Amino acid sequence: MGKLANRIALVTGGGSGLGKADCIRLAEEGAHVYVTDVNEDAARAVAEVIGAKAVALKHDVSSRGDWEAVYSRISSDHGRLDILVNNAGIVVVADPEETTEAQFDRTMDIMCKGVFFGCQLGLPLLAKSENGSIINMCSTASHLGFPPFFAYSAAKGAVRSMSKSLVIHCQDKGYKIRCNTLHPSAIETPMIQGAMGRPGQEVKVDEGVLPPGAIGAPSDVASLIVFLCSDEARFLTGGEYLIDNGSSIRP
């Protein structure tokens, strides 16, 4: 049996990139995984790779109604939720002067309001778990000044702050729910490929310890998520975990 045997997990944006890797690793450790994505075909493809432990659902995280439908399905199937990974996101490459209002609003709707809906509406199901775990995906962009990701950085900064309040709220309410944020730098995913101007062109990530400036692999993030969602991490909440090969501390 794996570290997450019989846990019920929901991963948003699970159809590709980090979300896909998260879904597969969680299932490998024994979790039943709900793979949700605005691209239903992509979610279904990931669920087919996983097999019987996965369910694919169409899910626009900026829609409160979609969140209610997803949670209604999980409640009907299992009556609880153990793991919520708020992973869905987009990136618009535009600096503070170039970013349009529409771009800013869309970014905040998906990556800020989407996390708000996921956490607020998910708390009743997570509160039924004996070890509930929320993983809110952030970014080193919420720690650093990075003009080309202006709207993205703003959204991740909001998620970083919301997560802190969520931790204290759950503790004060007596909920057995932990919440941690992950802050990757560049990870080899379709989103990063697009942001770097090489859509569809995948770079192979080497094995072993990586040199400065290297791009990480989705598995580097997924492995940490598995640990943070396990019983071994019971004392870890409110943490901010940099997954950046030391790039954010390099002068």
# chains A, B, ... in the order shown; residues from 1 in each chain; ligands from 1

call {"tool": "closest_atom_pairs", "arguments": {"of": "region 35-112 of chain A", "to": "region 148-172 of chain A", "cutoff": "10 Å", "atoms": "only C-alpha atoms", "output": "tab-separated table"}}
result
residue	atom	partner	partner_atom	distance
A:Asn86	CA	A:Val159	CA	9.9
A:Gly89	CA	A:Tyr152	CA	8.8
A:Ile90	CA	A:Tyr152	CA	7.7
A:Val91	CA	A:Tyr152	CA	5.9
A:Val92	CA	A:Phe149	CA	6.6
A:Val93	CA	A:Pro148	CA	5.3
A:Ala94	CA	A:Pro148	CA	4.8
A:Asp95	CA	A:Pro148	CA	4.4
A:Pro96	CA	A:Phe150	CA	5.8
A:Glu97	CA	A:Phe150	CA	9.3
A:Glu98	CA	A:Pro148	CA	9.1
A:Thr99	CA	A:Ala151	CA	7.3
A:Thr100	CA	A:Ala151	CA	9.4
A:Glu101	CA	A:Ala151	CA	9.8
A:Gln103	CA	A:Ala151	CA	7.6
A:Phe104	CA	A:Ala151	CA	5.4
A:Asp105	CA	A:Ala151	CA	8.6
A:Arg106	CA	A:Ala151	CA	9.2
A:Thr107	CA	A:Ala151	CA	6.4
A:Met108	CA	A:Ala155	CA	5.5
A:Asp109	CA	A:Ala155	CA	8.8
A:Ile110	CA	A:Ala155	CA	8.8
A:Met111	CA	A:Ala155	CA	6.0
A:Cys112	CA	A:Ala155	CA	5.4

call {"tool": "select_by_dssp", "arguments": {"residues": "region 55-187 of chain A", "states": "strand (DSSP E or B)", "output": "PDB file with N, CA and C atoms, in the first residue's frame"}}
result
ATOM      1  N   VAL A  55     -11.000   9.664 -12.060  1.00  0.00           N
ATOM      2  CA  VAL A  55     -12.224  10.166 -12.691  1.00  0.00           C
ATOM      3  C   VAL A  55     -11.887  11.508 -13.334  1.00  0.00           C
ATOM      4  N   ALA A  56     -12.262  11.683 -14.579  1.00  0.00           N
ATOM      5  CA  ALA A  56     -12.012  12.936 -15.295  1.00  0.00           C
ATOM      6  C   ALA A  56     -13.281  13.779 -15.324  1.00  0.00           C
ATOM      7  N   LEU A  57     -13.125  15.069 -15.020  1.00  0.00           N
ATOM      8  CA  LEU A  57     -14.265  15.989 -15.039  1.00  0.00           C
ATOM      9  C   LEU A  57     -13.877  17.307 -15.710  1.00  0.00           C
ATOM     10  N   LYS A  58     -14.785  17.839 -16.496  1.00  0.00           N
ATOM     11  CA  LYS A  58     -14.583  19.172 -17.075  1.00  0.00           C
ATOM     12  C   LYS A  58     -14.754  20.204 -15.977  1.00  0.00           C
ATOM     13  N   ILE A  83      -7.476  15.455  -0.155  1.00  0.00           N
ATOM     14  CA  ILE A  83      -6.395  16.216  -0.782  1.00  0.00           C
ATOM     15  C   ILE A  83      -6.974  17.137  -1.840  1.00  0.00           C
ATOM     16  N   LEU A  84      -6.626  18.422  -1.747  1.00  0.00           N
ATOM     17  CA  LEU A  84      -6.992  19.395  -2.774  1.00  0.00           C
ATOM     18  C   LEU A  84      -5.714  20.045  -3.277  1.00  0.00           C
ATOM     19  N   VAL A  85      -5.448  19.898  -4.564  1.00  0.00           N
ATOM     20  CA  VAL A  85      -4.291  20.546  -5.183  1.00  0.00           C
ATOM     21  C   VAL A  85      -4.809  21.595  -6.154  1.00  0.00           C
ATOM     22  N   ASN A  86      -4.704  22.852  -5.755  1.00  0.00           N
ATOM     23  CA  ASN A  86      -5.120  23.964  -6.616  1.00  0.00           C
ATOM     24  C   ASN A  86      -3.966  24.294  -7.558  1.00  0.00           C
ATOM     25  N   ALA A  94       3.524  39.710 -20.162  1.00  0.00           N
ATOM     26  CA  ALA A  94       3.319  41.148 -20.377  1.00  0.00           C
ATOM     27  C   ALA A  94       3.780  41.890 -19.128  1.00  0.00           C
ATOM     28  N   GLY A 132      -6.663  16.175   6.266  1.00  0.00           N
ATOM     29  CA  GLY A 132      -6.903  16.935   5.055  1.00  0.00           C
ATOM     30  C   GLY A 132      -5.683  17.762   4.677  1.00  0.00           C
ATOM     31  N   SER A 133      -5.410  17.836   3.401  1.00  0.00           N
ATOM     32  CA  SER A 133      -4.250  18.589   2.933  1.00  0.00           C
ATOM     33  C   SER A 133      -4.616  19.425   1.717  1.00  0.00           C
ATOM     34  N   ILE A 134      -4.371  20.729   1.818  1.00  0.00           N
ATOM     35  CA  ILE A 134      -4.545  21.635   0.688  1.00  0.00           C
ATOM     36  C   ILE A 134      -3.158  22.056   0.214  1.00  0.00           C
ATOM     37  N   ILE A 135      -2.912  21.879  -1.065  1.00  0.00           N
ATOM     38  CA  ILE A 135      -1.683  22.364  -1.684  1.00  0.00           C
ATOM     39  C   ILE A 135      -2.068  23.456  -2.666  1.00  0.00           C
ATOM     40  N   ASN A 136      -1.655  24.672  -2.383  1.00  0.00           N
ATOM     41  CA  ASN A 136      -1.906  25.789  -3.295  1.00  0.00           C
ATOM     42  C   ASN A 136      -0.623  26.088  -4.056  1.00  0.00           C
ATOM     43  N   MET A 137      -0.697  25.905  -5.358  1.00  0.00           N
ATOM     44  CA  MET A 137       0.482  26.137  -6.178  1.00  0.00           C
ATOM     45  C   MET A 137       0.735  27.633  -6.323  1.00  0.00           C
ATOM     46  N   PHE A 149       6.010  38.671 -15.981  1.00  0.00           N
ATOM     47  CA  PHE A 149       4.906  37.879 -15.439  1.00  0.00           C
ATOM     48  C   PHE A 149       4.106  38.722 -14.449  1.00  0.00           C
ATOM     49  N   ILE A 177      -7.136  19.939   8.849  1.00  0.00           N
ATOM     50  CA  ILE A 177      -6.752  20.333   7.492  1.00  0.00           C
ATOM     51  C   ILE A 177      -5.474  21.150   7.558  1.00  0.00           C
ATOM     52  N   ARG A 178      -4.491  20.718   6.805  1.00  0.00           N
ATOM     53  CA  ARG A 178      -3.258  21.480   6.680  1.00  0.00           C
ATOM     54  C   ARG A 178      -3.230  22.167   5.312  1.00  0.00           C
ATOM     55  N   CYS A 179      -2.505  23.283   5.214  1.00  0.00           N
ATOM     56  CA  CYS A 179      -2.394  23.988   3.940  1.00  0.00           C
ATOM     57  C   CYS A 179      -0.960  24.454   3.746  1.00  0.00           C
ATOM     58  N   ASN A 180      -0.388  24.116   2.628  1.00  0.00           N
ATOM     59  CA  ASN A 180       0.968  24.538   2.294  1.00  0.00           C
ATOM     60  C   ASN A 180       1.012  25.084   0.872  1.00  0.00           C
ATOM     61  N   THR A 181       1.981  25.936   0.611  1.00  0.00           N
ATOM     62  CA  THR A 181       2.146  26.489  -0.732  1.00  0.00           C
ATOM     63  C   THR A 181       3.473  26.024  -1.318  1.00  0.00           C
ATOM     64  N   LEU A 182       3.444  25.724  -2.617  1.00  0.00           N
ATOM     65  CA  LEU A 182       4.644  25.329  -3.341  1.00  0.00           C
ATOM     66  C   LEU A 182       5.031  26.434  -4.313  1.00  0.00           C
ATOM     67  N   HIS A 183       6.324  26.698  -4.391  1.00  0.00           N
ATOM     68  CA  HIS A 183       6.827  27.829  -5.183  1.00  0.00           C
ATOM     69  C   HIS A 183       7.907  27.366  -6.157  1.00  0.00           C
ATOM     70  N   PRO A 184       7.488  26.760  -7.265  1.00  0.00           N
ATOM     71  CA  PRO A 184       8.477  26.324  -8.257  1.00  0.00           C
ATOM     72  C   PRO A 184       9.021  27.509  -9.055  1.00  0.00           C
ATOM     73  N   ILE A 187       9.663  25.015 -14.534  1.00  0.00           N
ATOM     74  CA  ILE A 187       9.501  23.567 -14.619  1.00  0.00           C
ATOM     75  C   ILE A 187       9.087  23.232 -16.051  1.00  0.00           C
TER      76      ILE A 187
END

call {"tool": "atom_distance", "arguments": {"atom1": "CA of Ser63 (chain A)", "atom2": "CA of Lys113 (chain A)"}}
result
8.9 Å

call {"tool": "closest_residue", "arguments": {"among": "A:Cys23, A:Leu144, A:Leu10, A:Leu224", "to": "Gly122 (chain A)", "atoms": "only C-alpha atoms"}}
result
A:Leu10

call {"tool": "residues_around", "arguments": {"residues": "Lys204 (chain A)", "least_positions_apart": "5", "cutoff": "10 Å", "atoms": "only C-alpha atoms", "output": "PyMOL selection string"}}
result
chain A and resi 188+215-217

call {"tool": "residues_around", "arguments": {"residues": "Gly13 (chain A)", "least_positions_apart": "4", "cutoff": "7 Å", "atoms": "only C-alpha atoms", "output": "list in words"}}
result
Gly19, Thr36, Asp37, Asn87 and Ala88 of chain A

call {"tool": "write_last_selection", "arguments": {"atoms": "C-alpha atoms", "output": "PDB file, in the first residue's frame"}}
result
ATOM      1  CA  GLY A  19      -1.226  18.693 -12.782  1.00  0.00           C
ATOM      2  CA  THR A  36     -10.249  18.118 -13.530  1.00  0.00           C
ATOM      3  CA  ASP A  37      -9.437  20.468 -16.376  1.00  0.00           C
ATOM      4  CA  ASN A  87      -2.900  23.746  -9.659  1.00  0.00           C
ATOM      5  CA  ALA A  88      -4.817  25.212 -12.609  1.00  0.00           C
TER       6      ALA A  88
END

call {"tool": "residues_around", "arguments": {"residues": "Val205 (chain A)", "least_positions_apart": "3", "cutoff": "12 Å", "atoms": "only C-alpha atoms", "output": "JSON, numbers by chain"}}
result
{"A": [186, 187, 188, 189, 202, 208, 209, 210, 211, 213, 214, 215, 216, 217, 218, 219, 220]}

call {"tool": "atom_distance", "arguments": {"atom1": "CA of Ala42 (chain A)", "atom2": "CA of Ser129 (chain A)"}}
result
28.7 Å

call {"tool": "decode", "arguments": {"residues": "region 145-194 of chain A", "atoms": "C-alpha atoms", "output": "JSON list (two decimals), in the first residue's frame"}}
result
[["chain", "number", "residue", "atom", "x", "y", "z"],
["A", 145, "GLY", "CA", 10.40, 41.11, -9.04],
["A", 146, "PHE", "CA", 9.68, 39.69, -12.49],
["A", 147, "PRO", "CA", 8.03, 42.28, -14.79],
["A", 148, "PRO", "CA", 7.18, 39.93, -17.73],
["A", 149, "PHE", "CA", 4.91, 37.88, -15.44],
["A", 150, "PHE", "CA", 3.21, 40.90, -13.87],
["A", 151, "ALA", "CA", -0.38, 39.58, -13.61],
["A", 152, "TYR", "CA", 0.81, 36.05, -12.84],
["A", 153, "SER", "CA", 2.97, 37.32, -9.98],
["A", 154, "ALA", "CA", 0.06, 39.34, -8.58],
["A", 155, "ALA", "CA", -2.22, 36.30, -8.56],
["A", 156, "LYS", "CA", 0.38, 34.04, -6.95],
["A", 157, "GLY", "CA", 1.08, 36.68, -4.31],
["A", 158, "ALA", "CA", -2.62, 36.74, -3.44],
["A", 159, "VAL", "CA", -2.73, 32.94, -3.17],
["A", 160, "ARG", "CA", 0.35, 33.00, -0.93],
["A", 161, "SER", "CA", -1.40, 35.42, 1.43],
["A", 162, "MET", "CA", -4.78, 33.66, 1.36],
["A", 163, "SER", "CA", -3.12, 30.39, 2.27],
["A", 164, "LYS", "CA", -1.71, 31.82, 5.51],
["A", 165, "SER", "CA", -5.16, 32.93, 6.64],
["A", 166, "LEU", "CA", -6.59, 29.56, 5.66],
["A", 167, "VAL", "CA", -4.07, 27.75, 7.87],
["A", 168, "ILE", "CA", -5.06, 29.72, 10.98],
["A", 169, "HIS", "CA", -8.77, 29.50, 10.17],
["A", 170, "CYS", "CA", -8.63, 25.70, 9.95],
["A", 171, "GLN", "CA", -6.68, 25.40, 13.19],
["A", 172, "ASP", "CA", -9.02, 27.74, 15.06],
["A", 173, "LYS", "CA", -12.04, 25.82, 13.78],
["A", 174, "GLY", "CA", -10.53, 22.50, 14.83],
["A", 175, "TYR", "CA", -10.46, 21.18, 11.27],
["A", 176, "LYS", "CA", -7.86, 18.48, 10.60],
["A", 177, "ILE", "CA", -6.75, 20.33, 7.49],
["A", 178, "ARG", "CA", -3.26, 21.48, 6.68],
["A", 179, "CYS", "CA", -2.39, 23.99, 3.94],
["A", 180, "ASN", "CA", 0.97, 24.54, 2.29],
["A", 181, "THR", "CA", 2.15, 26.49, -0.73],
["A", 182, "LEU", "CA", 4.64, 25.33, -3.34],
["A", 183, "HIS", "CA", 6.83, 27.83, -5.18],
["A", 184, "PRO", "CA", 8.48, 26.32, -8.26],
["A", 185, "SER", "CA", 10.73, 28.22, -10.62],
["A", 186, "ALA", "CA", 10.82, 27.13, -14.27],
["A", 187, "ILE", "CA", 9.50, 23.57, -14.62],
["A", 188, "GLU", "CA", 9.39, 21.84, -18.01],
["A", 189, "THR", "CA", 5.67, 22.04, -18.80],
["A", 190, "PRO", "CA", 3.60, 23.20, -21.80],
["A", 191, "MET", "CA", 2.89, 26.49, -20.00],
["A", 192, "ILE", "CA", 6.58, 27.24, -19.54],
["A", 193, "GLN", "CA", 7.34, 26.13, -23.09],
["A", 194, "GLY", "CA", 4.84, 28.72, -24.32]]
